[in-house]
Structure formats: structure tokens, C-alpha cells
>>> print(open('my_file17.cif').read())   # mmCIF, N, CA and C atoms
data_model
loop_
_atom_site.label_atom_id
_atom_site.label_comp_id
_atom_site.auth_asym_id
_atom_site.auth_seq_id
_atom_site.Cartn_x
_atom_site.Cartn_y
_atom_site.Cartn_z
N MET A 3 28.40 -1.05 22.47
CA MET A 3 28.58 0.34 22.18
C MET A 3 30.05 0.72 22.19
N ALA A 4 30.86 0.07 23.04
CA ALA A 4 32.26 0.45 23.15
C ALA A 4 33.02 0.15 21.87
N GLY A 5 32.60 -0.88 21.10
CA GLY A 5 33.30 -1.24 19.89
C GLY A 5 32.88 -0.42 18.68
N ASP A 6 31.82 0.37 18.79
CA ASP A 6 31.35 1.17 17.66
C ASP A 6 32.30 2.32 17.39
N LYS A 7 32.50 2.58 16.12
CA LYS A 7 33.34 3.72 15.73
C LYS A 7 32.48 4.98 15.73
N PRO A 8 33.07 6.09 16.07
CA PRO A 8 32.30 7.35 16.00
C PRO A 8 32.01 7.69 14.54
N PRO A 9 30.88 8.33 14.27
CA PRO A 9 30.55 8.68 12.88
C PRO A 9 31.49 9.75 12.35
N THR A 10 31.70 9.72 11.05
CA THR A 10 32.57 10.72 10.42
C THR A 10 31.80 12.02 10.23
N ILE A 11 32.54 13.08 10.00
CA ILE A 11 31.91 14.38 9.81
C ILE A 11 31.08 14.39 8.53
N GLN A 12 31.57 13.69 7.50
CA GLN A 12 30.83 13.65 6.23
C GLN A 12 29.48 12.95 6.40
N SER A 13 29.43 11.90 7.21
CA SER A 13 28.16 11.20 7.40
C SER A 13 27.20 12.01 8.25
N LEU A 14 27.73 12.84 9.15
CA LEU A 14 26.87 13.69 9.96
C LEU A 14 26.41 14.94 9.21
N ASP A 15 27.15 15.32 8.17
CA ASP A 15 26.84 16.53 7.43
C ASP A 15 25.64 16.37 6.51
N LYS A 16 25.42 15.18 5.97
CA LYS A 16 24.29 15.00 5.03
C LYS A 16 23.01 14.69 5.82
N PRO A 17 21.89 15.20 5.34
CA PRO A 17 20.62 14.98 6.06
C PRO A 17 20.15 13.52 5.91
N GLU A 18 19.42 13.08 6.91
CA GLU A 18 18.88 11.72 6.90
C GLU A 18 17.66 11.66 5.98
N ASP A 19 17.43 10.49 5.41
CA ASP A 19 16.24 10.27 4.58
C ASP A 19 15.05 10.04 5.50
N LEU A 20 14.07 10.94 5.47
CA LEU A 20 12.94 10.87 6.39
C LEU A 20 12.11 9.61 6.16
N LYS A 21 11.85 9.27 4.91
CA LYS A 21 11.04 8.07 4.63
C LYS A 21 11.76 6.81 5.09
N GLY A 22 13.04 6.78 4.91
CA GLY A 22 13.81 5.62 5.38
C GLY A 22 13.80 5.49 6.89
N LEU A 23 13.92 6.63 7.58
CA LEU A 23 13.88 6.61 9.04
C LEU A 23 12.52 6.16 9.56
N LEU A 24 11.46 6.66 8.93
CA LEU A 24 10.12 6.26 9.35
C LEU A 24 9.87 4.78 9.09
N ARG A 25 10.39 4.27 7.99
CA ARG A 25 10.23 2.86 7.67
C ARG A 25 10.97 1.99 8.69
N GLN A 26 12.15 2.43 9.11
CA GLN A 26 12.91 1.68 10.11
C GLN A 26 12.25 1.76 11.48
N ASP A 27 11.67 2.90 11.79
CA ASP A 27 11.07 3.11 13.11
C ASP A 27 9.75 2.36 13.27
N ARG A 28 9.02 2.19 12.18
CA ARG A 28 7.71 1.55 12.26
C ARG A 28 7.88 0.06 12.50
N GLY A 29 7.37 -0.39 13.60
CA GLY A 29 7.43 -1.81 13.90
C GLY A 29 6.26 -2.53 13.28
N ASP A 30 6.49 -3.74 12.84
CA ASP A 30 5.40 -4.53 12.28
C ASP A 30 4.68 -5.25 13.40
N ASP A 31 3.37 -5.07 13.43
CA ASP A 31 2.56 -5.73 14.44
C ASP A 31 2.13 -7.10 13.94
N CYS A 32 1.96 -8.00 14.87
CA CYS A 32 1.45 -9.31 14.51
C CYS A 32 -0.05 -9.19 14.23
N LEU A 33 -0.60 -10.17 13.55
CA LEU A 33 -2.00 -10.13 13.16
C LEU A 33 -2.92 -10.08 14.37
N SER A 34 -2.60 -10.85 15.39
CA SER A 34 -3.46 -10.84 16.57
C SER A 34 -3.45 -9.49 17.27
N CYS A 35 -2.32 -8.78 17.24
CA CYS A 35 -2.26 -7.44 17.84
C CYS A 35 -3.16 -6.47 17.08
N LYS A 36 -3.15 -6.58 15.75
CA LYS A 36 -4.01 -5.71 14.94
C LYS A 36 -5.48 -6.03 15.19
N ILE A 37 -5.81 -7.31 15.30
CA ILE A 37 -7.20 -7.69 15.52
C ILE A 37 -7.69 -7.20 16.87
N VAL A 38 -6.89 -7.41 17.91
CA VAL A 38 -7.29 -6.97 19.25
C VAL A 38 -7.37 -5.45 19.31
N GLY A 39 -6.39 -4.76 18.75
CA GLY A 39 -6.39 -3.30 18.78
C GLY A 39 -7.55 -2.70 18.02
N SER A 40 -7.80 -3.19 16.82
CA SER A 40 -8.92 -2.64 16.06
C SER A 40 -10.25 -3.05 16.67
N GLY A 41 -10.33 -4.25 17.22
CA GLY A 41 -11.56 -4.68 17.89
C GLY A 41 -11.89 -3.83 19.10
N ALA A 42 -10.86 -3.38 19.79
CA ALA A 42 -11.08 -2.50 20.94
C ALA A 42 -11.70 -1.17 20.50
N PHE A 43 -11.20 -0.62 19.41
CA PHE A 43 -11.77 0.63 18.91
C PHE A 43 -13.19 0.42 18.39
N PHE A 44 -13.45 -0.69 17.70
CA PHE A 44 -14.80 -0.98 17.24
C PHE A 44 -15.75 -1.12 18.43
N GLY A 45 -15.31 -1.81 19.45
CA GLY A 45 -16.13 -1.99 20.64
C GLY A 45 -16.40 -0.66 21.34
N LEU A 46 -15.37 0.19 21.44
CA LEU A 46 -15.56 1.50 22.06
C LEU A 46 -16.52 2.36 21.25
N GLY A 47 -16.43 2.27 19.93
CA GLY A 47 -17.35 3.04 19.08
C GLY A 47 -18.78 2.58 19.26
N ALA A 48 -19.00 1.27 19.30
CA ALA A 48 -20.35 0.74 19.48
C ALA A 48 -20.88 1.09 20.87
N TYR A 49 -20.05 0.93 21.88
CA TYR A 49 -20.46 1.25 23.24
C TYR A 49 -20.79 2.73 23.37
N SER A 50 -19.97 3.57 22.79
CA SER A 50 -20.19 5.01 22.85
C SER A 50 -21.52 5.38 22.19
N TYR A 51 -21.81 4.77 21.06
CA TYR A 51 -23.05 5.07 20.36
C TYR A 51 -24.27 4.62 21.15
N PHE A 52 -24.29 3.35 21.53
CA PHE A 52 -25.49 2.82 22.19
C PHE A 52 -25.70 3.41 23.58
N SER A 53 -24.64 3.55 24.35
CA SER A 53 -24.82 4.12 25.69
C SER A 53 -25.14 5.61 25.61
N GLY A 54 -24.53 6.31 24.66
CA GLY A 54 -24.81 7.73 24.50
C GLY A 54 -26.24 8.00 24.08
N MET A 55 -26.72 7.22 23.12
CA MET A 55 -28.10 7.40 22.67
C MET A 55 -29.08 7.02 23.78
N SER A 56 -28.75 6.00 24.55
CA SER A 56 -29.61 5.59 25.66
C SER A 56 -29.70 6.70 26.71
N GLN A 57 -28.56 7.26 27.08
CA GLN A 57 -28.55 8.34 28.06
C GLN A 57 -29.26 9.59 27.53
N LEU A 58 -29.12 9.83 26.24
CA LEU A 58 -29.77 10.98 25.64
C LEU A 58 -31.29 10.84 25.69
N GLU A 59 -31.78 9.64 25.42
CA GLU A 59 -33.23 9.41 25.48
C GLU A 59 -33.75 9.49 26.92
N LYS A 60 -32.95 9.07 27.87
CA LYS A 60 -33.36 9.18 29.27
C LYS A 60 -33.45 10.64 29.71
N GLN A 61 -32.60 11.48 29.16
CA GLN A 61 -32.56 12.90 29.53
C GLN A 61 -33.34 13.79 28.56
N ARG A 62 -34.08 13.19 27.65
CA ARG A 62 -34.77 13.93 26.59
C ARG A 62 -35.67 15.04 27.17
N GLN A 63 -36.47 14.72 28.13
CA GLN A 63 -37.41 15.69 28.69
C GLN A 63 -36.69 16.87 29.32
N ALA A 64 -35.64 16.58 30.08
CA ALA A 64 -34.89 17.66 30.74
C ALA A 64 -34.19 18.54 29.71
N ILE A 65 -33.69 17.95 28.64
CA ILE A 65 -33.00 18.72 27.61
C ILE A 65 -33.99 19.64 26.89
N LEU A 66 -35.15 19.11 26.55
CA LEU A 66 -36.14 19.92 25.84
C LEU A 66 -36.69 21.04 26.72
N GLN A 67 -36.83 20.81 28.02
CA GLN A 67 -37.32 21.84 28.92
C GLN A 67 -36.29 22.92 29.21
N SER A 68 -35.02 22.60 29.05
CA SER A 68 -33.97 23.57 29.38
C SER A 68 -33.85 24.68 28.34
N LYS A 69 -34.43 24.50 27.18
CA LYS A 69 -34.35 25.50 26.10
C LYS A 69 -32.91 25.85 25.77
N SER A 70 -32.04 24.84 25.85
CA SER A 70 -30.63 25.03 25.58
C SER A 70 -30.39 25.30 24.09
N MET A 71 -29.29 25.98 23.82
CA MET A 71 -28.90 26.23 22.44
C MET A 71 -28.59 24.91 21.73
N PHE A 72 -28.10 23.95 22.48
CA PHE A 72 -27.78 22.64 21.92
C PHE A 72 -28.95 21.71 22.17
N GLY A 73 -29.73 21.47 21.15
CA GLY A 73 -30.90 20.61 21.29
C GLY A 73 -30.54 19.15 21.09
N MET A 74 -31.56 18.37 20.84
CA MET A 74 -31.37 16.93 20.67
C MET A 74 -30.56 16.61 19.42
N ARG A 75 -30.81 17.34 18.35
CA ARG A 75 -30.13 17.03 17.08
C ARG A 75 -28.62 17.21 17.19
N SER A 76 -28.19 18.31 17.78
CA SER A 76 -26.74 18.55 17.88
C SER A 76 -26.09 17.57 18.84
N ARG A 77 -26.79 17.16 19.88
CA ARG A 77 -26.23 16.18 20.81
C ARG A 77 -26.12 14.81 20.16
N LYS A 78 -27.12 14.45 19.38
CA LYS A 78 -27.05 13.18 18.63
C LYS A 78 -25.91 13.21 17.63
N PHE A 79 -25.75 14.35 16.97
CA PHE A 79 -24.65 14.49 16.01
C PHE A 79 -23.30 14.33 16.70
N GLY A 80 -23.17 14.87 17.90
CA GLY A 80 -21.92 14.71 18.66
C GLY A 80 -21.64 13.27 19.02
N ILE A 81 -22.67 12.55 19.45
CA ILE A 81 -22.50 11.13 19.80
C ILE A 81 -22.11 10.32 18.58
N VAL A 82 -22.80 10.59 17.47
CA VAL A 82 -22.48 9.86 16.23
C VAL A 82 -21.07 10.20 15.78
N GLY A 83 -20.66 11.46 15.90
CA GLY A 83 -19.31 11.86 15.50
C GLY A 83 -18.23 11.17 16.30
N ILE A 84 -18.42 11.10 17.61
CA ILE A 84 -17.44 10.41 18.47
C ILE A 84 -17.38 8.93 18.12
N SER A 85 -18.54 8.33 17.91
CA SER A 85 -18.59 6.90 17.59
C SER A 85 -17.92 6.61 16.25
N LEU A 86 -18.22 7.44 15.25
CA LEU A 86 -17.59 7.25 13.95
C LEU A 86 -16.08 7.47 14.01
N GLY A 87 -15.65 8.41 14.83
CA GLY A 87 -14.20 8.62 15.00
C GLY A 87 -13.52 7.40 15.59
N LEU A 88 -14.15 6.77 16.57
CA LEU A 88 -13.56 5.57 17.17
C LEU A 88 -13.55 4.40 16.17
N VAL A 89 -14.63 4.26 15.41
CA VAL A 89 -14.67 3.19 14.40
C VAL A 89 -13.62 3.45 13.32
N TRP A 90 -13.45 4.71 12.92
CA TRP A 90 -12.42 5.04 11.93
C TRP A 90 -11.03 4.70 12.45
N MET A 91 -10.79 4.97 13.72
CA MET A 91 -9.51 4.60 14.32
C MET A 91 -9.31 3.09 14.31
N GLY A 92 -10.39 2.34 14.51
CA GLY A 92 -10.31 0.88 14.43
C GLY A 92 -9.97 0.41 13.04
N LEU A 93 -10.59 1.03 12.03
CA LEU A 93 -10.27 0.67 10.64
C LEU A 93 -8.82 1.02 10.30
N TRP A 94 -8.39 2.19 10.75
CA TRP A 94 -7.02 2.60 10.50
C TRP A 94 -6.03 1.64 11.15
N ARG A 95 -6.36 1.22 12.37
CA ARG A 95 -5.50 0.29 13.11
C ARG A 95 -5.46 -1.07 12.43
N ALA A 96 -6.59 -1.48 11.86
CA ALA A 96 -6.65 -2.80 11.24
C ALA A 96 -5.87 -2.87 9.92
N PHE A 97 -5.91 -1.80 9.15
CA PHE A 97 -5.33 -1.86 7.80
C PHE A 97 -4.05 -1.07 7.63
N ARG A 98 -3.57 -0.42 8.64
CA ARG A 98 -2.35 0.37 8.53
C ARG A 98 -1.18 -0.37 9.10
#
>>> encode(input="my_file17.cif", output="C-alpha cells")
Amino acid sequence: MAGDKPPTIQSLDKPEDLKGLLRQDRGDDCLSCKIVGSGAFFGLGAYSYFSGMSQLEKQRQAILQSKSMFGMRSRKFGIVGISLGLVWMGLWRAFR
């Protein structure tokens, strides 16, 4: 750092190229990192779906008796939405 020259006023006056900065900032991940990262999201999505549906079926009677505004259909939709979100994150991680 001590040997670096201070930037000139002209170089500080012009705006930075945002796409160039983002390209420099983005680190390239190794293939195994992408596989492990996306696999973790896929696993979380599958676990969320199967465990959520299992818990929902165990609580089915209590939910139906509660006369709640949120019935079985909306709760299933929520579980599926969370699971699909995690799987989408896994796909994004794998191919981005």
C-alpha cells in the first residue's frame, strides 16, 4: 500500500462502470462448491416438503376442528411454496 500512488482528481471525477465492478467482485466458485451448495438447497427443499406434509397430516384433525381461517389447502400451499423456493435457490446456485 505504501508504494501505491494516490488517484488523480480526473480518475476520481468519472463514475465507475457498475457492470465492470460487479464482474470483478463476483468470485468464481469451483464445481464442487456449486454442487454442495445447490445440493444443500435441494435437500432443504425436500426435507421441508416431506416433513411439513407429515406434520400437517398428523395435525389434520386439530386443524379441521379449530375452524381456522387457514384450512388445510392454504397450509399445504405454504409448505409447497417454501419448498419450491428452496429448490429454486438450489437451481439458481447451481447455474449462476
>>> residues_around(input="my_file17.cif", residues="Leu46 in chain A", least_positions_apart="5", cutoff="6 Å", atoms="all atoms listed in the file", output="ChimeraX atom specification")
/A:41,51,88
>>> closest_residue(input="my_file17.cif", among="A:Arg62, A:Gln12, A:Gly39, A:Cys32", to="Met91 in chain A", atoms="all atoms listed in the file")
A:Gly39
>>> resolve_selection(input="my_file17.cif", expression="the PyMOL selection byres (((chain A and resi 92 and name CA) around 10) and name CA)", output="list in words")
Lys36, Ile37, Val38, Gly39, Ser40, Gly41, Ala42, Phe43, Phe44, Gly45, Leu46, Gly47, Leu86, Gly87, Leu88, Val89, Trp90, Met91, Leu93, Trp94, Arg95, Ala96, Phe97 and Arg98 of chain A
>>> atom_distance(input="my_file17.cif", atom1="CA of Ile65 in chain A", atom2="CA of Ile81 in chain A")
15.1 Å
>>> closest_residue(input="my_file17.cif", among="A:Ser13, A:Ala64, A:Ser53, A:Lys21", to="Val82 in chain A", atoms="only C-alpha atoms")
A:Ser53
>>> atom_distance(input="my_file17.cif", atom1="CA of Gln63 in chain A", atom2="CA of Ala48 in chain A")
24.5 Å
>>> atom_distance(input="my_file17.cif", atom1="CA of Gly54 in chain A", atom2="CA of Ser34 in chain A")
29.4 Å
>>> closest_residue(input="my_file17.cif", among="A:Arg28, A:Lys78, A:Met71, A:Ile84", to="Ser56 in chain A", atoms="only C-alpha atoms")
A:Lys78
>>> select_by_dssp(input="my_file17.cif", residues="chain A", states="alpha helix (DSSP H)", output="VMD selection string")
chain A and resid 11 to 15 20 to 27 33 to 60 62 to 68 74 to 97
>>> build_atoms(input="my_file17.cif", residues="range 61-72 of chain A", atoms="all heavy atoms", output="JSON list (two decimals), in the coordinates of the input")
[["chain", "number", "residue", "atom", "x", "y", "z"],
["A", 61, "GLN", "N", -32.60, 11.48, 29.16],
["A", 61, "GLN", "CA", -32.56, 12.90, 29.53],
["A", 61, "GLN", "C", -33.34, 13.79, 28.56],
["A", 61, "GLN", "O", -33.26, 15.01, 28.65],
["A", 61, "GLN", "CB", -31.11, 13.38, 29.59],
["A", 61, "GLN", "CG", -30.27, 12.69, 30.62],
["A", 61, "GLN", "CD", -30.71, 13.05, 32.02],
["A", 61, "GLN", "OE1", -31.14, 14.16, 32.28],
["A", 61, "GLN", "NE2", -30.62, 12.09, 32.91],
["A", 62, "ARG", "N", -34.08, 13.19, 27.65],
["A", 62, "ARG", "CA", -34.77, 13.93, 26.59],
["A", 62, "ARG", "C", -35.67, 15.04, 27.17],
["A", 62, "ARG", "O", -35.61, 16.19, 26.70],
["A", 62, "ARG", "CB", -35.60, 12.98, 25.75],
["A", 62, "ARG", "CG", -36.39, 13.65, 24.65],
["A", 62, "ARG", "CD", -37.27, 12.62, 23.93],
["A", 62, "ARG", "NE", -37.58, 13.08, 22.61],
["A", 62, "ARG", "CZ", -36.84, 12.86, 21.53],
["A", 62, "ARG", "NH1", -35.74, 12.17, 21.63],
["A", 62, "ARG", "NH2", -37.19, 13.33, 20.38],
["A", 63, "GLN", "N", -36.47, 14.72, 28.13],
["A", 63, "GLN", "CA", -37.41, 15.69, 28.69],
["A", 63, "GLN", "C", -36.69, 16.87, 29.32],
["A", 63, "GLN", "O", -37.07, 18.02, 29.11],
["A", 63, "GLN", "CB", -38.32, 15.00, 29.72],
["A", 63, "GLN", "CG", -39.54, 15.80, 30.09],
["A", 63, "GLN", "CD", -40.49, 15.99, 28.91],
["A", 63, "GLN", "OE1", -40.49, 15.22, 27.96],
["A", 63, "GLN", "NE2", -41.28, 17.04, 28.98],
["A", 64, "ALA", "N", -35.64, 16.58, 30.08],
["A", 64, "ALA", "CA", -34.89, 17.66, 30.74],
["A", 64, "ALA", "C", -34.19, 18.54, 29.71],
["A", 64, "ALA", "O", -34.11, 19.77, 29.88],
["A", 64, "ALA", "CB", -33.87, 17.07, 31.71],
["A", 65, "ILE", "N", -33.69, 17.95, 28.64],
["A", 65, "ILE", "CA", -33.00, 18.72, 27.61],
["A", 65, "ILE", "C", -33.99, 19.64, 26.89],
["A", 65, "ILE", "O", -33.70, 20.81, 26.64],
["A", 65, "ILE", "CB", -32.29, 17.78, 26.61],
["A", 65, "ILE", "CG1", -31.14, 17.05, 27.30],
["A", 65, "ILE", "CG2", -31.80, 18.54, 25.39],
["A", 65, "ILE", "CD1", -30.56, 15.91, 26.49],
["A", 66, "LEU", "N", -35.15, 19.11, 26.55],
["A", 66, "LEU", "CA", -36.14, 19.92, 25.84],
["A", 66, "LEU", "C", -36.69, 21.04, 26.72],
["A", 66, "LEU", "O", -36.99, 22.13, 26.23],
["A", 66, "LEU", "CB", -37.28, 19.03, 25.34],
["A", 66, "LEU", "CG", -36.89, 18.03, 24.24],
["A", 66, "LEU", "CD1", -38.05, 17.14, 23.88],
["A", 66, "LEU", "CD2", -36.35, 18.75, 23.02],
["A", 67, "GLN", "N", -36.83, 20.81, 28.02],
["A", 67, "GLN", "CA", -37.32, 21.84, 28.92],
["A", 67, "GLN", "C", -36.29, 22.92, 29.21],
["A", 67, "GLN", "O", -36.63, 24.03, 29.56],
["A", 67, "GLN", "CB", -37.78, 21.21, 30.24],
["A", 67, "GLN", "CG", -39.07, 20.46, 30.13],
["A", 67, "GLN", "CD", -39.46, 19.81, 31.45],
["A", 67, "GLN", "OE1", -38.68, 19.80, 32.40],
["A", 67, "GLN", "NE2", -40.67, 19.27, 31.50],
["A", 68, "SER", "N", -35.02, 22.60, 29.05],
["A", 68, "SER", "CA", -33.97, 23.57, 29.38],
["A", 68, "SER", "C", -33.85, 24.68, 28.34],
["A", 68, "SER", "O", -33.21, 25.69, 28.61],
["A", 68, "SER", "CB", -32.63, 22.86, 29.53],
["A", 68, "SER", "OG", -32.16, 22.45, 28.26],
["A", 69, "LYS", "N", -34.43, 24.50, 27.18],
["A", 69, "LYS", "CA", -34.35, 25.50, 26.10],
["A", 69, "LYS", "C", -32.91, 25.85, 25.77],
["A", 69, "LYS", "O", -32.56, 27.00, 25.49],
["A", 69, "LYS", "CB", -35.12, 26.77, 26.46],
["A", 69, "LYS", "CG", -36.56, 26.56, 26.86],
["A", 69, "LYS", "CD", -37.43, 26.53, 25.66],
["A", 69, "LYS", "CE", -38.88, 26.60, 26.17],
["A", 69, "LYS", "NZ", -39.74, 25.77, 25.45],
["A", 70, "SER", "N", -32.04, 24.84, 25.85],
["A", 70, "SER", "CA", -30.63, 25.03, 25.58],
["A", 70, "SER", "C", -30.39, 25.30, 24.09],
["A", 70, "SER", "O", -31.17, 24.90, 23.23],
["A", 70, "SER", "CB", -29.86, 23.78, 26.01],
["A", 70, "SER", "OG", -28.52, 23.85, 25.60],
["A", 71, "MET", "N", -29.29, 25.98, 23.82],
["A", 71, "MET", "CA", -28.90, 26.23, 22.44],
["A", 71, "MET", "C", -28.59, 24.91, 21.73],
["A", 71, "MET", "O", -28.79, 24.78, 20.53],
["A", 71, "MET", "CB", -27.67, 27.14, 22.44],
["A", 71, "MET", "CG", -27.18, 27.53, 21.08],
["A", 71, "MET", "SD", -25.88, 28.75, 21.19],
["A", 71, "MET", "CE", -24.45, 27.71, 21.30],
["A", 72, "PHE", "N", -28.10, 23.95, 22.48],
["A", 72, "PHE", "CA", -27.78, 22.64, 21.92],
["A", 72, "PHE", "C", -28.95, 21.71, 22.17],
["A", 72, "PHE", "O", -29.12, 21.20, 23.27],
["A", 72, "PHE", "CB", -26.51, 22.08, 22.57],
["A", 72, "PHE", "CG", -25.33, 22.98, 22.39],
["A", 72, "PHE", "CD1", -24.84, 23.71, 23.45],
["A", 72, "PHE", "CD2", -24.72, 23.08, 21.17],
["A", 72, "PHE", "CE1", -23.76, 24.54, 23.30],
["A", 72, "PHE", "CE2", -23.63, 23.92, 21.00],
["A", 72, "PHE", "CZ", -23.15, 24.65, 22.07]]
